[in-house]
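**Q** Handing over coords_14.cif, mmCIF, C-alpha atoms.
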data_query
#
loop_
_atom_site.label_atom_id
_atom_site.label_comp_id
_atom_site.auth_asym_id
_atom_site.auth_seq_id
_atom_site.Cartn_x
_atom_site.Cartn_y
_atom_site.Cartn_z
CA MET A 1 -10.39 31.91 -31.01
CA SER A 2 -10.18 28.34 -32.35
CA VAL A 3 -7.78 25.79 -30.89
CA GLU A 4 -5.92 25.69 -34.21
CA SER A 5 -5.20 29.43 -34.28
CA LYS A 6 -4.39 29.95 -30.60
CA GLY A 7 -0.77 30.77 -29.85
CA PHE A 8 1.21 29.27 -26.95
CA ALA A 9 3.56 31.03 -24.60
CA GLY A 10 6.24 28.38 -24.49
CA ALA A 11 7.34 24.83 -25.19
CA LEU A 12 9.17 22.09 -23.30
CA SER A 13 12.87 21.80 -23.92
CA GLY A 14 14.33 18.52 -25.08
CA GLY A 15 16.39 18.20 -21.89
CA ALA A 16 19.93 16.92 -21.63
CA PRO A 17 21.33 14.60 -24.32
CA VAL A 18 20.78 10.88 -23.76
CA ARG A 19 23.81 9.16 -22.25
CA HIS A 20 24.77 5.63 -21.17
CA SER A 21 24.16 3.72 -17.92
CA ARG A 22 25.71 0.74 -16.17
CA ILE A 23 25.53 -1.27 -12.97
CA SER A 24 28.44 0.14 -10.98
CA GLY A 25 28.00 -1.86 -7.78
CA ILE A 26 26.30 -5.01 -6.48
CA GLY A 27 25.63 -6.19 -2.93
CA GLY A 28 23.59 -8.71 -0.99
CA TYR A 29 22.47 -9.75 2.45
CA ARG A 30 21.38 -13.23 3.53
CA PRO A 31 19.75 -13.67 6.94
CA LYS A 32 21.69 -15.50 9.62
CA ARG A 33 19.27 -18.38 10.16
CA VAL A 34 19.83 -21.31 7.81
CA VAL A 35 16.75 -23.51 7.33
CA PRO A 36 17.53 -26.92 5.79
CA ASN A 37 14.88 -29.04 4.13
CA ALA A 38 14.81 -31.27 7.20
CA GLU A 39 13.17 -28.43 9.09
CA ILE A 40 10.41 -28.10 6.50
CA VAL A 41 9.45 -31.66 5.57
CA ASP A 42 7.39 -32.86 8.53
CA LEU A 43 4.68 -30.20 8.23
CA ILE A 44 4.19 -30.88 4.51
CA ASP A 45 4.59 -34.68 4.64
CA SER A 46 7.58 -34.58 2.33
CA SER A 47 11.28 -35.43 2.24
CA ASP A 48 14.61 -33.80 1.56
CA GLU A 49 14.98 -35.89 -1.60
CA TRP A 50 11.55 -34.83 -2.92
CA ILE A 51 12.29 -31.12 -2.40
CA ARG A 52 15.73 -31.35 -4.02
CA GLU A 53 14.38 -33.24 -7.02
CA ARG A 54 11.36 -30.97 -7.48
CA SER A 55 13.08 -27.60 -6.97
CA GLY A 56 16.83 -27.95 -6.49
CA ILE A 57 16.58 -26.37 -3.03
CA ILE A 58 18.82 -27.68 -0.25
CA GLU A 59 18.32 -24.86 2.25
CA ARG A 60 17.05 -21.31 2.54
CA ARG A 61 17.40 -18.38 4.94
CA PHE A 62 14.67 -17.02 7.22
CA ALA A 63 14.98 -13.53 8.67
CA GLY A 64 14.96 -13.01 12.42
CA PRO A 65 13.34 -10.25 14.49
CA ASP A 66 16.29 -7.91 13.94
CA GLU A 67 16.40 -8.53 10.17
CA GLY A 68 13.54 -6.44 8.84
CA ILE A 69 13.10 -5.10 5.32
CA ILE A 70 14.91 -1.84 6.09
CA GLU A 71 17.76 -3.51 7.98
CA MET A 72 18.39 -6.11 5.27
CA THR A 73 18.39 -3.54 2.48
CA GLU A 74 20.75 -1.28 4.40
CA TRP A 75 23.20 -4.16 4.84
CA ALA A 76 22.87 -5.13 1.17
CA ALA A 77 23.31 -1.54 0.01
CA GLN A 78 26.61 -0.88 1.77
CA PRO A 79 28.82 -3.20 -0.33
CA ALA A 80 27.03 -2.05 -3.50
CA LEU A 81 27.80 1.58 -2.67
CA GLU A 82 31.41 0.70 -1.85
CA MET A 83 31.87 -1.11 -5.16
CA ALA A 84 30.35 1.87 -6.99
CA GLY A 85 32.73 4.21 -5.14
CA ILE A 86 30.00 6.46 -3.77
CA GLU A 87 28.24 7.20 -0.48
CA GLY A 88 24.56 7.23 0.37
CA LYS A 89 24.44 11.02 0.12
CA ASP A 90 25.42 10.72 -3.54
CA LEU A 91 22.25 8.83 -4.45
CA ASP A 92 19.74 10.72 -6.55
CA ALA A 93 17.08 8.02 -6.18
CA VAL A 94 16.29 4.82 -4.28
CA ILE A 95 13.98 2.21 -5.84
CA MET A 96 12.75 -0.64 -3.64
CA ALA A 97 11.26 -3.75 -5.27
CA THR A 98 9.30 -5.81 -2.74
CA VAL A 99 5.95 -7.45 -2.07
CA THR A 100 6.53 -8.11 1.62
CA TRP A 101 6.88 -4.62 3.13
CA PRO A 102 4.00 -4.85 5.65
CA TYR A 103 2.87 -1.21 5.48
CA GLN A 104 0.44 0.16 2.93
CA THR A 105 2.13 3.52 3.42
CA PRO A 106 4.70 4.98 3.65
CA ALA A 107 6.86 3.06 1.22
CA ALA A 108 10.03 1.39 2.47
CA ALA A 109 12.38 3.26 0.13
CA PRO A 110 12.20 6.69 1.84
CA LEU A 111 13.05 5.09 5.19
CA LEU A 112 16.10 3.41 3.71
CA ALA A 113 17.11 6.60 1.88
CA GLU A 114 17.05 8.47 5.20
CA ARG A 115 19.30 5.87 6.82
CA LEU A 116 21.74 6.13 3.92
CA GLY A 117 21.77 9.93 3.99
CA SER A 118 19.99 10.49 0.68
CA LYS A 119 17.29 13.09 0.10
CA GLY A 120 16.67 11.94 -3.45
CA ALA A 121 13.53 10.41 -4.92
CA ALA A 122 12.55 7.21 -3.12
CA PHE A 123 9.71 4.85 -3.97
CA ASP A 124 8.65 1.19 -3.92
CA ILE A 125 7.55 -0.92 -6.87
CA SER A 126 5.54 -4.15 -6.76
CA ALA A 127 6.31 -6.55 -9.57
CA ALA A 128 7.13 -9.59 -7.42
CA CYS A 129 9.91 -11.77 -8.86
CA ALA A 130 10.32 -9.41 -11.83
CA GLY A 131 10.64 -6.36 -9.59
CA TYR A 132 14.42 -6.08 -9.59
CA CYS A 133 14.65 -6.11 -13.40
CA HIS A 134 11.87 -3.51 -13.50
CA GLY A 135 13.92 -1.41 -11.09
CA ILE A 136 17.04 -1.72 -13.25
CA ALA A 137 15.04 -0.55 -16.28
CA LEU A 138 13.63 2.46 -14.43
CA ALA A 139 17.01 3.41 -12.98
CA SER A 140 18.73 3.06 -16.35
CA ASP A 141 16.22 5.41 -17.97
CA MET A 142 16.61 7.93 -15.13
CA VAL A 143 20.38 7.95 -15.59
CA ARG A 144 20.31 7.95 -19.39
CA THR A 145 18.01 11.01 -19.44
CA SER A 146 20.16 12.84 -16.84
CA GLN A 147 17.44 12.81 -14.18
CA ALA A 148 19.94 11.06 -11.92
CA ASP A 149 23.64 10.20 -11.78
CA ASN A 150 23.39 7.36 -9.27
CA VAL A 151 20.33 5.25 -8.45
CA LEU A 152 20.14 2.49 -5.85
CA ILE A 153 17.90 -0.48 -6.67
CA LEU A 154 16.90 -2.98 -3.99
CA GLY A 155 15.20 -6.33 -4.30
CA VAL A 156 14.12 -7.50 -0.85
CA GLU A 157 11.69 -9.98 0.65
CA ARG A 158 10.69 -11.52 3.96
CA LEU A 159 8.59 -14.22 2.34
CA SER A 160 8.68 -16.33 5.49
CA ASP A 161 6.16 -13.84 6.91
CA PHE A 162 3.70 -14.69 4.11
CA THR A 163 4.28 -18.44 3.83
CA ASP A 164 1.95 -21.13 5.20
CA PRO A 165 4.35 -23.71 6.70
CA LYS A 166 1.76 -26.43 6.02
CA ASP A 167 1.25 -25.61 2.33
CA ARG A 168 2.90 -28.43 0.37
CA GLY A 169 3.05 -26.28 -2.74
CA THR A 170 4.93 -23.28 -1.31
CA ALA A 171 6.36 -23.99 2.14
CA PHE A 172 9.64 -25.39 0.80
CA ILE A 173 10.15 -22.78 -1.91
CA PHE A 174 10.38 -19.35 -0.34
CA GLY A 175 13.26 -17.69 1.49
CA ASP A 176 14.29 -14.25 2.74
CA GLY A 177 17.04 -11.87 1.70
CA ALA A 178 18.03 -8.60 0.06
CA GLY A 179 20.02 -7.69 -3.02
CA ALA A 180 21.22 -4.26 -4.11
CA ALA A 181 22.65 -2.62 -7.21
CA VAL A 182 23.79 0.89 -8.04
CA VAL A 183 23.11 2.17 -11.56
CA SER A 184 25.36 5.06 -12.62
CA ALA A 185 26.26 7.12 -15.65
CA SER A 186 28.69 5.42 -18.03
CA ASP A 187 30.92 6.26 -20.99
CA SER A 188 29.68 3.17 -22.85
CA PRO A 189 26.46 1.10 -22.89
CA GLY A 190 26.14 -1.08 -19.78
CA ILE A 191 22.44 -1.94 -19.68
CA GLY A 192 20.62 -3.20 -22.73
CA PRO A 193 16.99 -2.53 -23.67
CA THR A 194 14.47 -4.12 -21.34
CA VAL A 195 11.88 -6.56 -22.69
CA TRP A 196 8.96 -6.64 -20.26
CA GLY A 197 5.26 -7.27 -20.02
CA SER A 198 2.49 -8.99 -18.09
CA ASP A 199 -0.36 -11.47 -18.37
CA GLY A 200 -3.00 -10.26 -15.95
CA ALA A 201 -5.44 -12.94 -17.09
CA GLN A 202 -3.40 -15.37 -14.97
CA TRP A 203 -3.08 -13.10 -11.94
CA ASP A 204 -4.36 -15.79 -9.57
CA ALA A 205 -1.61 -18.26 -10.47
CA ILE A 206 0.57 -16.64 -7.77
CA SER A 207 -1.26 -14.41 -5.34
CA GLN A 208 -1.86 -13.42 -1.75
CA ARG A 209 -4.78 -15.65 -0.84
CA GLU A 210 -6.68 -13.07 1.22
CA SER A 211 -6.90 -9.31 0.84
CA TRP A 212 -6.07 -7.17 3.86
CA ILE A 213 -9.79 -6.32 3.97
CA ASP A 214 -10.70 -10.01 4.28
CA VAL A 215 -8.02 -10.54 6.89
CA HIS A 216 -9.51 -7.75 9.00
CA ALA A 217 -13.19 -8.53 8.42
CA LYS A 218 -12.92 -12.29 8.91
CA ASP A 219 -10.17 -12.31 11.55
CA LEU A 220 -8.01 -14.58 9.42
CA GLY A 221 -4.73 -13.83 11.15
CA TRP A 222 -1.99 -13.20 8.60
CA PRO A 223 -2.36 -13.55 4.80
CA THR A 224 -0.25 -16.10 2.94
CA ILE A 225 0.84 -16.50 -0.67
CA GLY A 226 -0.56 -19.35 -2.75
CA MET A 227 0.60 -20.69 -6.08
CA ALA A 228 -0.78 -22.92 -8.83
CA GLY A 229 2.51 -24.69 -9.33
CA GLN A 230 1.88 -26.45 -12.65
CA THR A 231 0.37 -23.33 -14.23
CA VAL A 232 3.37 -21.24 -13.23
CA PHE A 233 5.81 -23.95 -14.28
CA ARG A 234 4.33 -24.24 -17.78
CA TRP A 235 4.15 -20.46 -18.21
CA ALA A 236 7.77 -20.00 -17.14
CA VAL A 237 9.16 -22.91 -19.15
CA TRP A 238 7.40 -22.13 -22.42
CA GLY A 239 6.86 -18.40 -22.11
CA MET A 240 10.08 -16.97 -20.69
CA ALA A 241 12.72 -18.37 -23.04
CA PRO A 242 11.26 -16.32 -25.94
CA VAL A 243 11.35 -13.23 -23.72
CA ALA A 244 15.00 -13.92 -22.90
CA GLN A 245 15.75 -14.35 -26.60
CA ARG A 246 14.08 -11.02 -27.36
CA ALA A 247 16.32 -9.38 -24.76
CA LEU A 248 19.38 -10.85 -26.49
CA ASP A 249 18.12 -9.60 -29.83
CA ALA A 250 17.41 -6.12 -28.44
CA ALA A 251 20.96 -5.97 -27.05
CA GLY A 252 22.37 -6.99 -30.43
CA ILE A 253 24.15 -10.10 -29.19
CA THR A 254 23.85 -13.86 -29.50
CA ALA A 255 23.76 -16.51 -26.79
CA ASP A 256 27.37 -17.53 -27.42
CA GLN A 257 28.51 -13.99 -26.59
CA LEU A 258 27.16 -14.18 -23.03
CA ASP A 259 29.48 -14.58 -20.05
CA ALA A 260 26.69 -15.47 -17.60
CA PHE A 261 23.00 -16.35 -17.39
CA ILE A 262 21.27 -15.09 -14.25
CA PRO A 263 17.59 -16.04 -14.27
CA HIS A 264 15.14 -15.60 -11.40
CA GLN A 265 15.75 -18.39 -8.93
CA ALA A 266 12.31 -19.99 -9.02
CA ASN A 267 13.04 -23.64 -9.74
CA VAL A 268 16.11 -25.44 -11.04
CA ARG A 269 14.00 -27.35 -13.58
CA ILE A 270 12.77 -24.07 -15.06
CA ILE A 271 16.36 -22.85 -15.29
CA ASP A 272 17.48 -26.06 -17.04
CA ALA A 273 14.59 -25.84 -19.52
CA MET A 274 15.46 -22.24 -20.39
CA ILE A 275 19.11 -23.17 -20.96
CA LYS A 276 18.04 -25.77 -23.52
CA GLN A 277 15.57 -23.53 -25.30
CA LEU A 278 18.05 -20.66 -25.55
CA LYS A 279 20.75 -23.08 -26.75
CA LEU A 280 23.26 -21.60 -24.33
CA PRO A 281 26.86 -22.81 -24.56
CA PRO A 282 27.53 -25.76 -22.19
CA ASP A 283 30.32 -23.92 -20.41
CA ILE A 284 28.43 -20.70 -19.63
CA PRO A 285 28.16 -19.92 -15.89
CA VAL A 286 24.52 -20.17 -14.80
CA ALA A 287 23.17 -18.85 -11.50
CA ARG A 288 21.92 -21.64 -9.24
CA ASP A 289 21.69 -19.66 -6.04
CA ILE A 290 18.31 -21.28 -5.39
CA ALA A 291 20.09 -24.31 -3.90
CA TYR A 292 21.17 -22.38 -0.80
CA THR A 293 18.89 -19.33 -0.80
CA GLY A 294 15.55 -20.62 -2.09
CA ASN A 295 13.18 -18.41 -4.05
CA THR A 296 13.56 -14.88 -2.69
CA SER A 297 11.36 -13.23 -5.32
CA ALA A 298 12.62 -9.69 -6.06
CA ALA A 299 15.91 -10.39 -4.26
CA SER A 300 16.87 -13.51 -6.20
CA ILE A 301 18.67 -12.02 -9.22
CA PRO A 302 20.87 -9.48 -7.38
CA LEU A 303 21.67 -12.08 -4.70
CA ALA A 304 22.68 -14.58 -7.38
CA MET A 305 24.81 -12.05 -9.24
CA GLU A 306 26.45 -10.87 -6.02
CA ARG A 307 27.43 -14.43 -5.11
CA MET A 308 28.86 -15.13 -8.58
CA VAL A 309 30.86 -11.88 -8.60
CA ARG A 310 32.12 -12.41 -5.06
CA HIS A 311 33.27 -15.95 -5.81
CA GLY A 312 34.88 -14.97 -9.12
CA GLU A 313 32.58 -17.27 -11.10
CA ILE A 314 31.85 -14.65 -13.76
CA PRO A 315 34.12 -12.03 -15.36
CA ARG A 316 33.64 -8.45 -14.29
CA GLY A 317 32.97 -6.42 -17.43
CA GLY A 318 31.44 -9.42 -19.21
CA LEU A 319 27.84 -9.70 -20.38
CA ALA A 320 25.04 -11.29 -18.35
CA LEU A 321 21.46 -12.02 -19.35
CA GLN A 322 19.08 -11.55 -16.43
CA ILE A 323 15.36 -12.30 -16.43
CA GLY A 324 12.74 -12.08 -13.71
CA PHE A 325 9.25 -13.58 -13.85
CA GLY A 326 6.48 -14.24 -11.36
CA ALA A 327 3.27 -12.96 -9.82
CA GLY A 328 1.20 -10.69 -11.98
CA LEU A 329 2.05 -12.55 -14.07
CA ALA A 330 4.88 -10.12 -14.76
CA TYR A 331 8.26 -10.45 -16.43
CA ALA A 332 11.29 -8.38 -17.45
CA ALA A 333 14.67 -9.18 -19.01
CA GLN A 334 17.77 -7.30 -20.06
CA VAL A 335 21.44 -7.87 -20.87
CA VAL A 336 23.82 -6.05 -18.54
CA VAL A 337 27.55 -5.59 -18.16
CA ILE A 338 28.70 -7.39 -15.00
CA PRO A 339 29.98 -4.85 -12.41
#
Show this structure as structure tokens.
**A**
Amino acid sequence: MSVESKGFAGALSGGAPVRHSRISGIGGYRPKRVVPNAEIVDLIDSSDEWIRERSGIIERRFAGPDEGIIEMTEWAAQPALEMAGIEGKDLDAVIMATVTWPYQTPAAAPLLAERLGSKGAAFDISAACAGYCHGIALASDMVRTSQADNVLILGVERLSDFTDPKDRGTAFIFGDGAGAAVVSASDSPGIGPTVWGSDGAQWDAISQRESWIDVHAKDLGWPTIGMAGQTVFRWAVWGMAPVAQRALDAAGITADQLDAFIPHQANVRIIDAMIKQLKLPPDIPVARDIAYTGNTSAASIPLAMERMVRHGEIPRGGLALQIGFGAGLAYAAQVVVIP
């Protein structure tokens, strides 16, 4: 019998109707230890003024022995769950965005899910500084297609573990922390289409300098993250504003309709350049969490949003443009309703 004439026993159903999604809760955790620039400068032959001018960073947080990836995400998740009005057992999925979980396997997400009382799907994703926005996109699609009612997304890093304190290009940049968001079903649209992509040709612009194989074979100690600062700066400044604009266009809004701009907290000069290129209104609240938290990679956007919500700097129910970009080189952006 030919393929064309063969009958089939069944066909897939279309599934449940597509519905809407929203961020229903936001939370964050910053480690206890505050590390001012003065504690960094001697090993990199720098100064507090140089670091502030170059990056906008005044201080950052470094995690202690009792502030591991799982602990920080658990503490970040609790206020997000409370804001969403649910408990851990109500979660249908847990998505963990991180590049600093030190185990190849198992992933961190199932361990956190167990602590929270969830038996839902749980997995990690690795998209560095864009990881949280990737997680929001995945969670939104899961909710919209009725595969889940509530999904917890975490962005978490212990970058101090992977930072060379003598590297003038990175030692002052990175910090530790965890941010969390709950994505739930909604009666109206709460998460716009995601614009995302990658440029693997520039993978070495931000990368772990040694593979785990090299670390083992050459007895190199612990691997650290290196960065070609000027390459990344130019890519972010000239490449990410068009991505952000595409996210606005996909959401069907203009810059003057935004209530907040929450970019990845990589460098204050990058943020200022994006503001100009997007022609954002001068009075729009812009996340500048980098000043007191540093660059926390996947955690930076939820931490920044959590701070702005908690301090009443942005209106709940308003519209925020968020964009993450970093190692890969990977990026993702979407417009969301502020929880």
**Q** Could you expand the PyMOL selection byres ((chain A and resi 177) around 6) into the explicit residues it covers here, written as a PDB file with C-alpha atoms, in the frame of the given file?
**A**
ATOM      1  CA  TYR A  29      22.470  -9.750   2.450  1.00  0.00           C
ATOM      2  CA  ARG A  30      21.380 -13.230   3.530  1.00  0.00           C
ATOM      3  CA  VAL A 156      14.120  -7.500  -0.850  1.00  0.00           C
ATOM      4  CA  GLU A 157      11.690  -9.980   0.650  1.00  0.00           C
ATOM      5  CA  ASP A 176      14.290 -14.250   2.740  1.00  0.00           C
ATOM      6  CA  ALA A 178      18.030  -8.600   0.060  1.00  0.00           C
TER       7      ALA A 178
END
**Q** With only C-alpha atoms as the atoms that count, which of A:Ala16, A:Pro102, A:Asp90, A:Pro193 lies nearest to A:Trp212?
**A**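 The shortest atom-to-atom distance to A:Trp212 comes from A:Pro102.
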**Q** Determine, counting only C-alpha atoms, which protein, DNA and RNA residues have an atom within 9 Å of an atom of stretch 278-294 of chain A; residues of the same chain fewer than 6 positions away are not included. Present the result as an mmCIF file with C-alpha atoms, in the frame of the given file.
**A**
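Contents of around.cif, freshly written:
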data_model
loop_
_atom_site.group_PDB
_atom_site.id
_atom_site.type_symbol
_atom_site.label_atom_id
_atom_site.label_comp_id
_atom_site.auth_asym_id
_atom_site.auth_seq_id
_atom_site.Cartn_x
_atom_site.Cartn_y
_atom_site.Cartn_z
ATOM 1 C CA ARG A 30 21.380 -13.230 3.530
ATOM 2 C CA VAL A 34 19.830 -21.310 7.810
ATOM 3 C CA PRO A 36 17.530 -26.920 5.790
ATOM 4 C CA ARG A 52 15.730 -31.350 -4.020
ATOM 5 C CA SER A 55 13.080 -27.600 -6.970
ATOM 6 C CA GLY A 56 16.830 -27.950 -6.490
ATOM 7 C CA ILE A 57 16.580 -26.370 -3.030
ATOM 8 C CA ILE A 58 18.820 -27.680 -0.250
ATOM 9 C CA GLU A 59 18.320 -24.860 2.250
ATOM 10 C CA ARG A 60 17.050 -21.310 2.540
ATOM 11 C CA ARG A 61 17.400 -18.380 4.940
ATOM 12 C CA PHE A 172 9.640 -25.390 0.800
ATOM 13 C CA ILE A 173 10.150 -22.780 -1.910
ATOM 14 C CA PHE A 174 10.380 -19.350 -0.340
ATOM 15 C CA GLY A 175 13.260 -17.690 1.490
ATOM 16 C CA ASP A 176 14.290 -14.250 2.740
ATOM 17 C CA GLY A 177 17.040 -11.870 1.700
ATOM 18 C CA ALA A 241 12.720 -18.370 -23.040
ATOM 19 C CA PRO A 242 11.260 -16.320 -25.940
ATOM 20 C CA ALA A 244 15.000 -13.920 -22.900
ATOM 21 C CA GLN A 245 15.750 -14.350 -26.600
ATOM 22 C CA ALA A 255 23.760 -16.510 -26.790
ATOM 23 C CA ASP A 256 27.370 -17.530 -27.420
ATOM 24 C CA LEU A 258 27.160 -14.180 -23.030
ATOM 25 C CA ASP A 259 29.480 -14.580 -20.050
ATOM 26 C CA ALA A 260 26.690 -15.470 -17.600
ATOM 27 C CA PHE A 261 23.000 -16.350 -17.390
ATOM 28 C CA ILE A 262 21.270 -15.090 -14.250
ATOM 29 C CA PRO A 263 17.590 -16.040 -14.270
ATOM 30 C CA HIS A 264 15.140 -15.600 -11.400
ATOM 31 C CA GLN A 265 15.750 -18.390 -8.930
ATOM 32 C CA ALA A 266 12.310 -19.990 -9.020
ATOM 33 C CA ASN A 267 13.040 -23.640 -9.740
ATOM 34 C CA VAL A 268 16.110 -25.440 -11.040
ATOM 35 C CA ILE A 271 16.360 -22.850 -15.290
ATOM 36 C CA SER A 300 16.870 -13.510 -6.200
ATOM 37 C CA ILE A 301 18.670 -12.020 -9.220
ATOM 38 C CA LEU A 303 21.670 -12.080 -4.700
ATOM 39 C CA ALA A 304 22.680 -14.580 -7.380
ATOM 40 C CA MET A 305 24.810 -12.050 -9.240
ATOM 41 C CA ARG A 307 27.430 -14.430 -5.110
ATOM 42 C CA MET A 308 28.860 -15.130 -8.580
ATOM 43 C CA GLU A 313 32.580 -17.270 -11.100
ATOM 44 C CA ILE A 314 31.850 -14.650 -13.760
#
**Q** Could you work out how far atom CA of A:Ser184 lies from atom CA of A:Leu152, giving the answer in Å with one decimal?
**A**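 It comes out at 8.9 Å.
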**Q** Hey, which of A:Asp66, A:Asp167, A:Glu306, A:Asp219 ends up closest to A:Gly27? Count only C-alpha atoms.
**A**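 Checking each of A:Asp66, A:Asp167, A:Glu306, A:Asp219 against A:Gly27, counting only C-alpha atoms, the winner is A:Glu306.
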**Q** Selected by the PyMOL selection byres ((chain A and resi 64) around 10) in the shown coordinates: which residues, as a ChimeraX atom specification?
**A** /A:31-33,61-63,65-68,158,160,176
**Q** Compare A:Leu329, A:Ala273, A:Ala139, A:Ile338 by their minimum atom-to-atom distance to A:Gly312, counting all atoms listed in the file, and give me the closest one.
**A**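 Ranking A:Leu329, A:Ala273, A:Ala139, A:Ile338 by distance to A:Gly312, first place goes to A:Ile338.
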**Q** So how far away is atom CA of A:Gln147 from atom CA of A:Ser186, in Å?
**A**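 About the pair atom CA of A:Ser186 and atom CA of A:Gln147: they are 14.0 Å apart.
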**Q** Around stretch 159-167 of chain A, with edges along x, y and z and 8 Å added on all six sides, what centre and edge lengths do you get, in Å to one decimal, as lines of an AutoDock Vina configuration file?
**A**
center_x = 5.0
center_y = -20.1
center_z = 4.6
size_x = 23.4
size_y = 28.6
size_z = 20.6
